[in-house]
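Reproduced below: run.pdb, with PDB, N, CA and C atoms.
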MODEL        1
ATOM      1  N   MET N   4      69.403 -79.697 -54.293
ATOM      2  CA  MET N   4      68.124 -79.185 -53.861
ATOM      3  C   MET N   4      67.289 -80.325 -53.291
ATOM      4  N   ALA N   5      66.704 -80.117 -52.123
ATOM      5  CA  ALA N   5      65.899 -81.144 -51.463
ATOM      6  C   ALA N   5      64.470 -81.143 -52.011
ATOM      7  N   VAL N   6      63.897 -82.335 -52.068
ATOM      8  CA  VAL N   6      62.518 -82.511 -52.518
ATOM      9  C   VAL N   6      61.683 -82.968 -51.332
ATOM     10  N   ALA N   7      60.581 -82.268 -51.057
ATOM     11  CA  ALA N   7      59.694 -82.660 -49.958
ATOM     12  C   ALA N   7      58.995 -83.967 -50.318
ATOM     13  N   ILE N   8      59.059 -84.939 -49.438
ATOM     14  CA  ILE N   8      58.424 -86.241 -49.654
ATOM     15  C   ILE N   8      57.134 -86.332 -48.855
ATOM     16  N   VAL N   9      57.234 -86.016 -47.568
ATOM     17  CA  VAL N   9      56.095 -86.121 -46.652
ATOM     18  C   VAL N   9      56.114 -84.913 -45.735
ATOM     19  N   SER N  10      54.963 -84.333 -45.525
ATOM     20  CA  SER N  10      54.791 -83.284 -44.529
ATOM     21  C   SER N  10      53.483 -83.605 -43.832
ATOM     22  N   LYS N  11      53.565 -83.919 -42.551
ATOM     23  CA  LYS N  11      52.387 -84.443 -41.880
ATOM     24  C   LYS N  11      52.295 -83.995 -40.428
ATOM     25  N   GLN N  12      51.088 -83.624 -40.045
ATOM     26  CA  GLN N  12      50.794 -83.365 -38.646
ATOM     27  C   GLN N  12      50.415 -84.716 -38.042
ATOM     28  N   LEU N  13      51.058 -85.079 -36.956
ATOM     29  CA  LEU N  13      50.921 -86.419 -36.400
ATOM     30  C   LEU N  13      49.586 -86.652 -35.701
ATOM     31  N   ARG N  14      49.066 -87.849 -35.930
ATOM     32  CA  ARG N  14      47.825 -88.298 -35.284
ATOM     33  C   ARG N  14      48.167 -89.424 -34.315
ATOM     34  N   GLU N  15      47.159 -89.906 -33.603
ATOM     35  CA  GLU N  15      47.382 -90.930 -32.585
ATOM     36  C   GLU N  15      48.062 -92.182 -33.149
ATOM     37  N   THR N  16      47.608 -92.668 -34.287
ATOM     38  CA  THR N  16      48.214 -93.856 -34.897
ATOM     39  C   THR N  16      49.688 -93.612 -35.224
ATOM     40  N   ASP N  17      50.007 -92.410 -35.676
ATOM     41  CA  ASP N  17      51.400 -92.078 -36.015
ATOM     42  C   ASP N  17      52.302 -92.099 -34.790
ATOM     43  N   ILE N  18      51.761 -91.790 -33.640
ATOM     44  CA  ILE N  18      52.534 -91.740 -32.394
ATOM     45  C   ILE N  18      52.637 -93.113 -31.733
ATOM     46  N   LYS N  19      51.582 -93.895 -31.815
ATOM     47  CA  LYS N  19      51.522 -95.156 -31.064
ATOM     48  C   LYS N  19      51.862 -96.403 -31.866
ATOM     49  N   LYS N  20      51.768 -96.344 -33.201
ATOM     50  CA  LYS N  20      51.970 -97.567 -33.983
ATOM     51  C   LYS N  20      52.943 -97.398 -35.146
ATOM     52  N   ARG N  21      52.609 -96.521 -36.093
ATOM     53  CA  ARG N  21      53.385 -96.397 -37.324
ATOM     54  C   ARG N  21      53.041 -95.072 -37.987
ATOM     55  N   LEU N  22      53.915 -94.611 -38.854
ATOM     56  CA  LEU N  22      53.649 -93.375 -39.595
ATOM     57  C   LEU N  22      53.043 -93.733 -40.943
ATOM     58  N   THR N  23      51.809 -93.340 -41.158
ATOM     59  CA  THR N  23      51.194 -93.559 -42.466
ATOM     60  C   THR N  23      51.634 -92.443 -43.398
ATOM     61  N   ILE N  24      51.955 -92.821 -44.633
ATOM     62  CA  ILE N  24      52.418 -91.836 -45.605
ATOM     63  C   ILE N  24      51.597 -91.964 -46.892
ATOM     64  N   PRO N  25      51.497 -90.896 -47.659
ATOM     65  CA  PRO N  25      50.728 -90.950 -48.904
ATOM     66  C   PRO N  25      51.371 -91.899 -49.927
ATOM     67  N   SER N  26      50.549 -92.613 -50.671
ATOM     68  CA  SER N  26      51.047 -93.525 -51.706
ATOM     69  C   SER N  26      51.887 -92.797 -52.750
ATOM     70  N   LYS N  27      51.529 -91.548 -53.040
ATOM     71  CA  LYS N  27      52.278 -90.787 -54.050
ATOM     72  C   LYS N  27      53.724 -90.532 -53.623
ATOM     73  N   SER N  28      54.024 -90.685 -52.337
ATOM     74  CA  SER N  28      55.386 -90.479 -51.838
ATOM     75  C   SER N  28      56.294 -91.679 -52.079
ATOM     76  N   LEU N  29      55.726 -92.827 -52.407
ATOM     77  CA  LEU N  29      56.523 -94.046 -52.594
ATOM     78  C   LEU N  29      57.628 -93.887 -53.626
ATOM     79  N   LYS N  30      57.391 -93.091 -54.654
ATOM     80  CA  LYS N  30      58.375 -92.949 -55.729
ATOM     81  C   LYS N  30      59.692 -92.339 -55.261
ATOM     82  N   TYR N  31      59.705 -91.700 -54.099
ATOM     83  CA  TYR N  31      60.917 -91.069 -53.578
ATOM     84  C   TYR N  31      61.737 -91.992 -52.681
ATOM     85  N   PHE N  32      61.129 -93.068 -52.219
ATOM     86  CA  PHE N  32      61.814 -93.994 -51.322
ATOM     87  C   PHE N  32      62.537 -95.068 -52.132
ATOM     88  N   PRO N  33      63.410 -95.843 -51.485
ATOM     89  CA  PRO N  33      64.086 -96.919 -52.209
ATOM     90  C   PRO N  33      63.059 -97.825 -52.903
ATOM     91  N   SER N  34      63.423 -98.332 -54.048
ATOM     92  CA  SER N  34      62.519 -99.164 -54.843
ATOM     93  C   SER N  34      62.095-100.418 -54.086
ATOM     94  N   LEU N  35      60.820-100.697 -54.133
ATOM     95  CA  LEU N  35      60.300-101.917 -53.519
ATOM     96  C   LEU N  35      60.641-103.133 -54.383
ATOM     97  N   ALA N  36      60.726-102.954 -55.688
ATOM     98  CA  ALA N  36      61.131-104.004 -56.637
ATOM     99  C   ALA N  36      60.505-105.356 -56.307
ATOM    100  N   GLY N  37      59.188-105.393 -56.195
ATOM    101  CA  GLY N  37      58.487-106.642 -55.939
ATOM    102  C   GLY N  37      58.405-107.038 -54.476
ATOM    103  N   LYS N  38      59.069-106.303 -53.620
ATOM    104  CA  LYS N  38      59.023-106.585 -52.180
ATOM    105  C   LYS N  38      57.944-105.725 -51.544
ATOM    106  N   HIS N  39      57.621-106.013 -50.301
ATOM    107  CA  HIS N  39      56.683-105.144 -49.594
ATOM    108  C   HIS N  39      57.321-104.488 -48.373
ATOM    109  N   VAL N  40      58.603-104.761 -48.135
ATOM    110  CA  VAL N  40      59.337-104.160 -47.024
ATOM    111  C   VAL N  40      60.729-103.763 -47.520
ATOM    112  N   VAL N  41      61.113-102.495 -47.267
ATOM    113  CA  VAL N  41      62.442-102.028 -47.664
ATOM    114  C   VAL N  41      62.998-101.112 -46.570
ATOM    115  N   PRO N  42      64.209-101.399 -46.089
ATOM    116  CA  PRO N  42      64.835-100.511 -45.100
ATOM    117  C   PRO N  42      65.491 -99.306 -45.780
ATOM    118  N   PHE N  43      65.591 -98.214 -45.035
ATOM    119  CA  PHE N  43      66.337 -97.049 -45.521
ATOM    120  C   PHE N  43      66.804 -96.246 -44.319
ATOM    121  N   LYS N  44      67.762 -95.362 -44.544
ATOM    122  CA  LYS N  44      68.317 -94.531 -43.478
ATOM    123  C   LYS N  44      68.009 -93.069 -43.754
ATOM    124  N   ALA N  45      67.843 -92.324 -42.669
ATOM    125  CA  ALA N  45      67.625 -90.884 -42.762
ATOM    126  C   ALA N  45      68.386 -90.215 -41.617
ATOM    127  N   ARG N  46      68.664 -88.943 -41.786
ATOM    128  CA  ARG N  46      69.309 -88.161 -40.724
ATOM    129  C   ARG N  46      68.348 -87.087 -40.251
ATOM    130  N   ASP N  47      68.421 -86.805 -38.947
ATOM    131  CA  ASP N  47      67.593 -85.731 -38.402
ATOM    132  C   ASP N  47      68.358 -84.407 -38.469
ATOM    133  N   ASP N  48      67.763 -83.348 -37.929
ATOM    134  CA  ASP N  48      68.381 -82.018 -37.987
ATOM    135  C   ASP N  48      69.745 -81.947 -37.305
ATOM    136  N   SER N  49      69.946 -82.789 -36.301
ATOM    137  CA  SER N  49      71.228 -82.769 -35.594
ATOM    138  C   SER N  49      72.280 -83.636 -36.284
ATOM    139  N   GLY N  50      71.876 -84.342 -37.346
ATOM    140  CA  GLY N  50      72.804 -85.200 -38.060
ATOM    141  C   GLY N  50      72.787 -86.643 -37.601
ATOM    142  N   ARG N  51      71.966 -86.947 -36.602
ATOM    143  CA  ARG N  51      71.888 -88.318 -36.084
ATOM    144  C   ARG N  51      71.236 -89.224 -37.125
ATOM    145  N   PRO N  52      71.849 -90.386 -37.390
ATOM    146  CA  PRO N  52      71.259 -91.318 -38.345
ATOM    147  C   PRO N  52      70.142 -92.142 -37.699
ATOM    148  N   TRP N  53      69.133 -92.447 -38.489
ATOM    149  CA  TRP N  53      68.000 -93.274 -38.059
ATOM    150  C   TRP N  53      67.753 -94.339 -39.108
ATOM    151  N   LYS N  54      67.453 -95.544 -38.666
ATOM    152  CA  LYS N  54      67.102 -96.633 -39.581
ATOM    153  C   LYS N  54      65.587 -96.816 -39.528
ATOM    154  N   PHE N  55      64.971 -96.711 -40.685
ATOM    155  CA  PHE N  55      63.531 -96.910 -40.801
ATOM    156  C   PHE N  55      63.258 -98.039 -41.783
ATOM    157  N   GLN N  56      62.012 -98.454 -41.806
ATOM    158  CA  GLN N  56      61.576 -99.485 -42.744
ATOM    159  C   GLN N  56      60.246 -99.038 -43.331
ATOM    160  N   ILE N  57      60.161 -99.032 -44.652
ATOM    161  CA  ILE N  57      58.898 -98.710 -45.297
ATOM    162  C   ILE N  57      58.218-100.037 -45.634
ATOM    163  N   TYR N  58      56.949-100.088 -45.352
ATOM    164  CA  TYR N  58      56.177-101.318 -45.505
ATOM    165  C   TYR N  58      54.920-101.019 -46.319
ATOM    166  N   THR N  59      54.574-101.924 -47.216
ATOM    167  CA  THR N  59      53.313-101.820 -47.957
ATOM    168  C   THR N  59      52.580-103.156 -47.861
ATOM    169  N   ARG N  60      51.297-103.128 -48.147
ATOM    170  CA  ARG N  60      50.507-104.362 -48.149
ATOM    171  C   ARG N  60      51.013-105.298 -49.244
ATOM    172  N   LYS N  61      50.935-106.592 -48.965
ATOM    173  CA  LYS N  61      51.338-107.594 -49.957
ATOM    174  C   LYS N  61      50.244-107.753 -51.003
ATOM    175  N   GLY N  62      50.632-107.659 -52.265
ATOM    176  CA  GLY N  62      49.744-107.997 -53.362
ATOM    177  C   GLY N  62      48.427-107.249 -53.439
ATOM    178  N   LYS N  63      48.317-106.140 -52.793
ATOM    179  CA  LYS N  63      47.074-105.363 -52.825
ATOM    180  C   LYS N  63      47.188-104.260 -53.858
ATOM    181  N   ARG N  64      46.073-103.869 -54.390
ATOM    182  CA  ARG N  64      46.058-102.798 -55.390
ATOM    183  C   ARG N  64      46.433-101.459 -54.747
ATOM    184  N   TYR N  65      45.870-101.186 -53.579
ATOM    185  CA  TYR N  65      46.217 -99.980 -52.837
ATOM    186  C   TYR N  65      47.273-100.364 -51.810
ATOM    187  N   LEU N  66      48.479 -99.858 -51.967
ATOM    188  CA  LEU N  66      49.615-100.309 -51.162
ATOM    189  C   LEU N  66      49.607 -99.826 -49.718
ATOM    190  N   LYS N  67      49.038 -98.666 -49.441
ATOM    191  CA  LYS N  67      48.955 -98.092 -48.100
ATOM    192  C   LYS N  67      50.310 -98.129 -47.368
ATOM    193  N   PRO N  68      51.282 -97.336 -47.830
ATOM    194  CA  PRO N  68      52.619 -97.372 -47.227
ATOM    195  C   PRO N  68      52.668 -96.782 -45.818
ATOM    196  N   VAL N  69      53.518 -97.388 -45.002
ATOM    197  CA  VAL N  69      53.740 -96.921 -43.634
ATOM    198  C   VAL N  69      55.218 -97.084 -43.283
ATOM    199  N   LEU N  70      55.686 -96.266 -42.329
ATOM    200  CA  LEU N  70      57.009 -96.473 -41.741
ATOM    201  C   LEU N  70      56.800 -97.276 -40.483
ATOM    202  N   THR N  71      57.529 -98.359 -40.364
ATOM    203  CA  THR N  71      57.365 -99.232 -39.205
ATOM    204  C   THR N  71      58.651 -99.249 -38.388
ATOM    205  N   LYS N  72      59.499-100.207 -38.614
ATOM    206  CA  LYS N  72      60.710-100.400 -37.828
ATOM    207  C   LYS N  72      61.501 -99.105 -37.677
ATOM    208  N   GLY N  73      61.835 -98.780 -36.453
ATOM    209  CA  GLY N  73      62.621 -97.585 -36.169
ATOM    210  C   GLY N  73      61.779 -96.343 -35.909
ATOM    211  N   TRP N  74      60.536 -96.343 -36.383
ATOM    212  CA  TRP N  74      59.700 -95.153 -36.257
ATOM    213  C   TRP N  74      59.372 -94.840 -34.797
ATOM    214  N   LEU N  75      58.947 -95.833 -34.024
ATOM    215  CA  LEU N  75      58.568 -95.574 -32.622
ATOM    216  C   LEU N  75      59.779 -95.163 -31.779
ATOM    217  N   ASP N  76      60.963 -95.661 -32.109
ATOM    218  CA  ASP N  76      62.189 -95.210 -31.428
ATOM    219  C   ASP N  76      62.405 -93.720 -31.695
ATOM    220  N   PHE N  77      62.188 -93.317 -32.939
ATOM    221  CA  PHE N  77      62.330 -91.915 -33.334
ATOM    222  C   PHE N  77      61.320 -91.049 -32.578
ATOM    223  N   VAL N  78      60.077 -91.487 -32.524
ATOM    224  CA  VAL N  78      59.014 -90.754 -31.821
ATOM    225  C   VAL N  78      59.392 -90.560 -30.354
ATOM    226  N   GLY N  79      59.857 -91.630 -29.718
ATOM    227  CA  GLY N  79      60.238 -91.560 -28.305
ATOM    228  C   GLY N  79      61.426 -90.636 -28.065
ATOM    229  N   ALA N  80      62.442 -90.752 -28.890
ATOM    230  CA  ALA N  80      63.642 -89.925 -28.731
ATOM    231  C   ALA N  80      63.346 -88.446 -28.931
ATOM    232  N   LYS N  81      62.444 -88.145 -29.849
ATOM    233  CA  LYS N  81      62.091 -86.752 -30.141
ATOM    234  C   LYS N  81      60.944 -86.236 -29.268
ATOM    235  N   GLU N  82      60.394 -87.131 -28.444
ATOM    236  CA  GLU N  82      59.268 -86.796 -27.559
ATOM    237  C   GLU N  82      58.109 -86.173 -28.341
ATOM    238  N   LEU N  83      57.784 -86.801 -29.463
ATOM    239  CA  LEU N  83      56.715 -86.297 -30.315
ATOM    240  C   LEU N  83      55.351 -86.638 -29.735
ATOM    241  N   THR N  84      54.403 -85.759 -29.962
ATOM    242  CA  THR N  84      53.037 -85.962 -29.496
ATOM    243  C   THR N  84      52.059 -85.649 -30.630
ATOM    244  N   ILE N  85      50.807 -85.971 -30.400
ATOM    245  CA  ILE N  85      49.766 -85.683 -31.381
ATOM    246  C   ILE N  85      49.767 -84.185 -31.675
ATOM    247  N   GLY N  86      49.729 -83.847 -32.962
ATOM    248  CA  GLY N  86      49.728 -82.449 -33.376
ATOM    249  C   GLY N  86      51.094 -81.930 -33.792
ATOM    250  N   ASP N  87      52.174 -82.632 -33.408
ATOM    251  CA  ASP N  87      53.504 -82.241 -33.870
ATOM    252  C   ASP N  87      53.601 -82.516 -35.373
ATOM    253  N   LYS N  88      54.604 -81.950 -36.014
ATOM    254  CA  LYS N  88      54.743 -82.075 -37.460
ATOM    255  C   LYS N  88      56.038 -82.793 -37.819
ATOM    256  N   VAL N  89      55.966 -83.621 -38.854
ATOM    257  CA  VAL N  89      57.134 -84.324 -39.376
ATOM    258  C   VAL N  89      57.253 -84.016 -40.859
ATOM    259  N   ASP N  90      58.454 -83.688 -41.295
ATOM    260  CA  ASP N  90      58.753 -83.464 -42.704
ATOM    261  C   ASP N  90      59.884 -84.400 -43.099
ATOM    262  N   MET N  91      59.723 -85.075 -44.231
ATOM    263  CA  MET N  91      60.795 -85.904 -44.778
ATOM    264  C   MET N  91      61.160 -85.334 -46.130
ATOM    265  N   GLU N  92      62.464 -85.298 -46.378
ATOM    266  CA  GLU N  92      62.976 -84.764 -47.641
ATOM    267  C   GLU N  92      63.943 -85.748 -48.270
ATOM    268  N   GLU N  93      63.970 -85.742 -49.595
ATOM    269  CA  GLU N  93      64.984 -86.477 -50.329
ATOM    270  C   GLU N  93      66.010 -85.449 -50.780
ATOM    271  N   LYS N  94      67.245 -85.658 -50.368
ATOM    272  CA  LYS N  94      68.312 -84.731 -50.747
ATOM    273  C   LYS N  94      69.006 -85.246 -51.991
ATOM    274  N   GLU N  95      70.086 -84.609 -52.352
ATOM    275  CA  GLU N  95      70.886 -85.042 -53.492
ATOM    276  C   GLU N  95      71.324 -86.492 -53.282
ATOM    277  N   GLN N  96      71.837 -87.089 -54.310
ATOM    278  CA  GLN N  96      72.336 -88.457 -54.215
ATOM    279  C   GLN N  96      73.458 -88.545 -53.189
ATOM    280  N   GLY N  97      73.661 -89.719 -52.653
ATOM    281  CA  GLY N  97      74.743 -89.921 -51.699
ATOM    282  C   GLY N  97      74.278 -90.746 -50.520
ATOM    283  N   ALA N  98      75.179 -90.940 -49.578
ATOM    284  CA  ALA N  98      74.894 -91.787 -48.425
ATOM    285  C   ALA N  98      73.801 -91.201 -47.534
ATOM    286  N   ASN N  99      73.745 -89.893 -47.436
ATOM    287  CA  ASN N  99      72.760 -89.234 -46.581
ATOM    288  C   ASN N  99      71.625 -88.675 -47.434
ATOM    289  N   LYS N 100      70.948 -89.543 -48.128
ATOM    290  CA  LYS N 100      69.955 -89.142 -49.114
ATOM    291  C   LYS N 100      68.662 -88.589 -48.496
ATOM    292  N   TYR N 101      68.287 -89.067 -47.315
ATOM    293  CA  TYR N 101      67.019 -88.668 -46.705
ATOM    294  C   TYR N 101      67.241 -87.871 -45.426
ATOM    295  N   ARG N 102      66.345 -86.931 -45.186
ATOM    296  CA  ARG N 102      66.394 -86.104 -43.979
ATOM    297  C   ARG N 102      64.995 -86.061 -43.379
ATOM    298  N   VAL N 103      64.919 -86.166 -42.057
ATOM    299  CA  VAL N 103      63.638 -86.095 -41.353
ATOM    300  C   VAL N 103      63.721 -84.964 -40.331
ATOM    301  N   LYS N 104      62.730 -84.076 -40.387
ATOM    302  CA  LYS N 104      62.689 -82.929 -39.485
ATOM    303  C   LYS N 104      61.401 -82.995 -38.672
ATOM    304  N   THR N 105      61.464 -82.452 -37.476
ATOM    305  CA  THR N 105      60.274 -82.400 -36.629
ATOM    306  C   THR N 105      60.035 -80.971 -36.162
ATOM    307  N   GLU N 106      58.789 -80.699 -35.889
ATOM    308  CA  GLU N 106      58.405 -79.400 -35.341
ATOM    309  C   GLU N 106      57.317 -79.666 -34.305
ATOM    310  N   GLN N 107      57.631 -79.335 -33.065
ATOM    311  CA  GLN N 107      56.651 -79.577 -32.010
ATOM    312  C   GLN N 107      55.652 -78.438 -31.965
ATOM    313  N   LYS N 108      54.391 -78.825 -31.716
ATOM    314  CA  LYS N 108      53.334 -77.809 -31.669
ATOM    315  C   LYS N 108      53.593 -76.869 -30.501
ATOM    316  N   GLN N 109      53.178 -75.655 -30.688
ATOM    317  CA  GLN N 109      53.349 -74.649 -29.646
ATOM    318  C   GLN N 109      52.226 -74.783 -28.625
ATOM    319  N   MET N 110      52.597 -74.820 -27.392
ATOM    320  CA  MET N 110      51.600 -74.878 -26.317
ATOM    321  C   MET N 110      51.557 -73.517 -25.636
ATOM    322  N   TRP N 111      50.417 -72.905 -25.696
ATOM    323  CA  TRP N 111      50.228 -71.598 -25.073
ATOM    324  C   TRP N 111      49.482 -71.812 -23.764
ATOM    325  N   HIS N 112      50.005 -71.236 -22.720
ATOM    326  CA  HIS N 112      49.379 -71.331 -21.408
ATOM    327  C   HIS N 112      49.068 -69.926 -20.928
ATOM    328  N   PRO N 113      47.822 -69.690 -20.543
ATOM    329  CA  PRO N 113      47.489 -68.347 -20.049
ATOM    330  C   PRO N 113      48.201 -68.074 -18.714
ATOM    331  N   ILE N 114      48.573 -66.840 -18.524
ATOM    332  CA  ILE N 114      49.170 -66.445 -17.267
ATOM    333  C   ILE N 114      48.383 -65.272 -16.704
ATOM    334  N   ASP N 115      48.335 -65.205 -15.424
ATOM    335  CA  ASP N 115      47.675 -64.089 -14.764
ATOM    336  C   ASP N 115      48.663 -62.956 -14.629
ATOM    337  N   LEU N 116      48.228 -61.775 -14.999
ATOM    338  CA  LEU N 116      49.089 -60.591 -14.878
ATOM    339  C   LEU N 116      48.637 -59.733 -13.718
TER     340      LEU N 116
ENDMDL
END

Full structure transcribed into structure tokens:
Amino acid sequence: MAVAIVSKQLRETDIKKRLTIPSKSLKYFPSLAGKHVVPFKARDDSGRPWKFQIYTRKGKRYLKPVLTKGWLDFVGAKELTIGDKVDMEEKEQGANKYRVKTEQKQMWHPIDL
């Protein structure tokens, strides 16, 4: 059974720089174990593997976790824009432990009848 880690509607910072994630989600990612940067892999809906890096502030009380390395490549490949949605899940144990899904916002255009 998969556990939802992050469900987020993307903002400008998420598209142009890094994905900010809630601190409460840290417990689902690989252990930081005294570090402030940890790489991990996830698969998208098509099964394609992605390498990401979770980063937190050094020695700060509020860690403010973000996904950095690999995130902008993912955004570009998926053609994500502001308002699109990203969901990350932790699956059962194993090599493919994490899954990342995207949902693009619906654009409605009026038509003349």

query: Which residues, written as a ChimeraX atom specification, have at least one atom at most 6.5 Å from Gly73 (chain N), with only N, CA and C atoms counted and residues fewer than 2 positions away on the same chain left out?
result: /N:54-56,71,75-78

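Closest approach to Glu15 (chain N) among N:Ala45, N:Val103, N:Leu29, N:Ile85 is made by N:Ile85 (distances from all atoms listed in the file).
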
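Atom C of Pro68 (chain N) to atom C of Val6 (chain N) spans 17.4 Å [interatomic distance, one decimal].
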
Secondary structure check, strand (DSSP E or B) residues of chain N, as JSON, numbers by chain: {"N": [6, 7, 8, 9, 10, 11, 12, 22, 23, 40, 41, 42, 43, 44, 45, 46, 52, 53, 54, 55, 56, 57, 58, 69, 70, 88, 89, 90, 91, 92, 93, 101, 102, 103, 104, 105, 106]}

query: Quick one: distance from CA of Lys88 (chain N) to atom N of Val40 (chain N) in Å, one decimal?
result: 25.4 Å

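For the atom pair formed by atom C of Trp53 (chain N) and atom C of Gln109 (chain N), the distance is 27.1 Å, given to one decimal.
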
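Proximity to Asp17 (chain N) was assessed for N:Tyr65, N:Trp74, N:Tyr31, N:Phe43 counting only C-alpha atoms; the smallest distance is recorded for N:Trp74.
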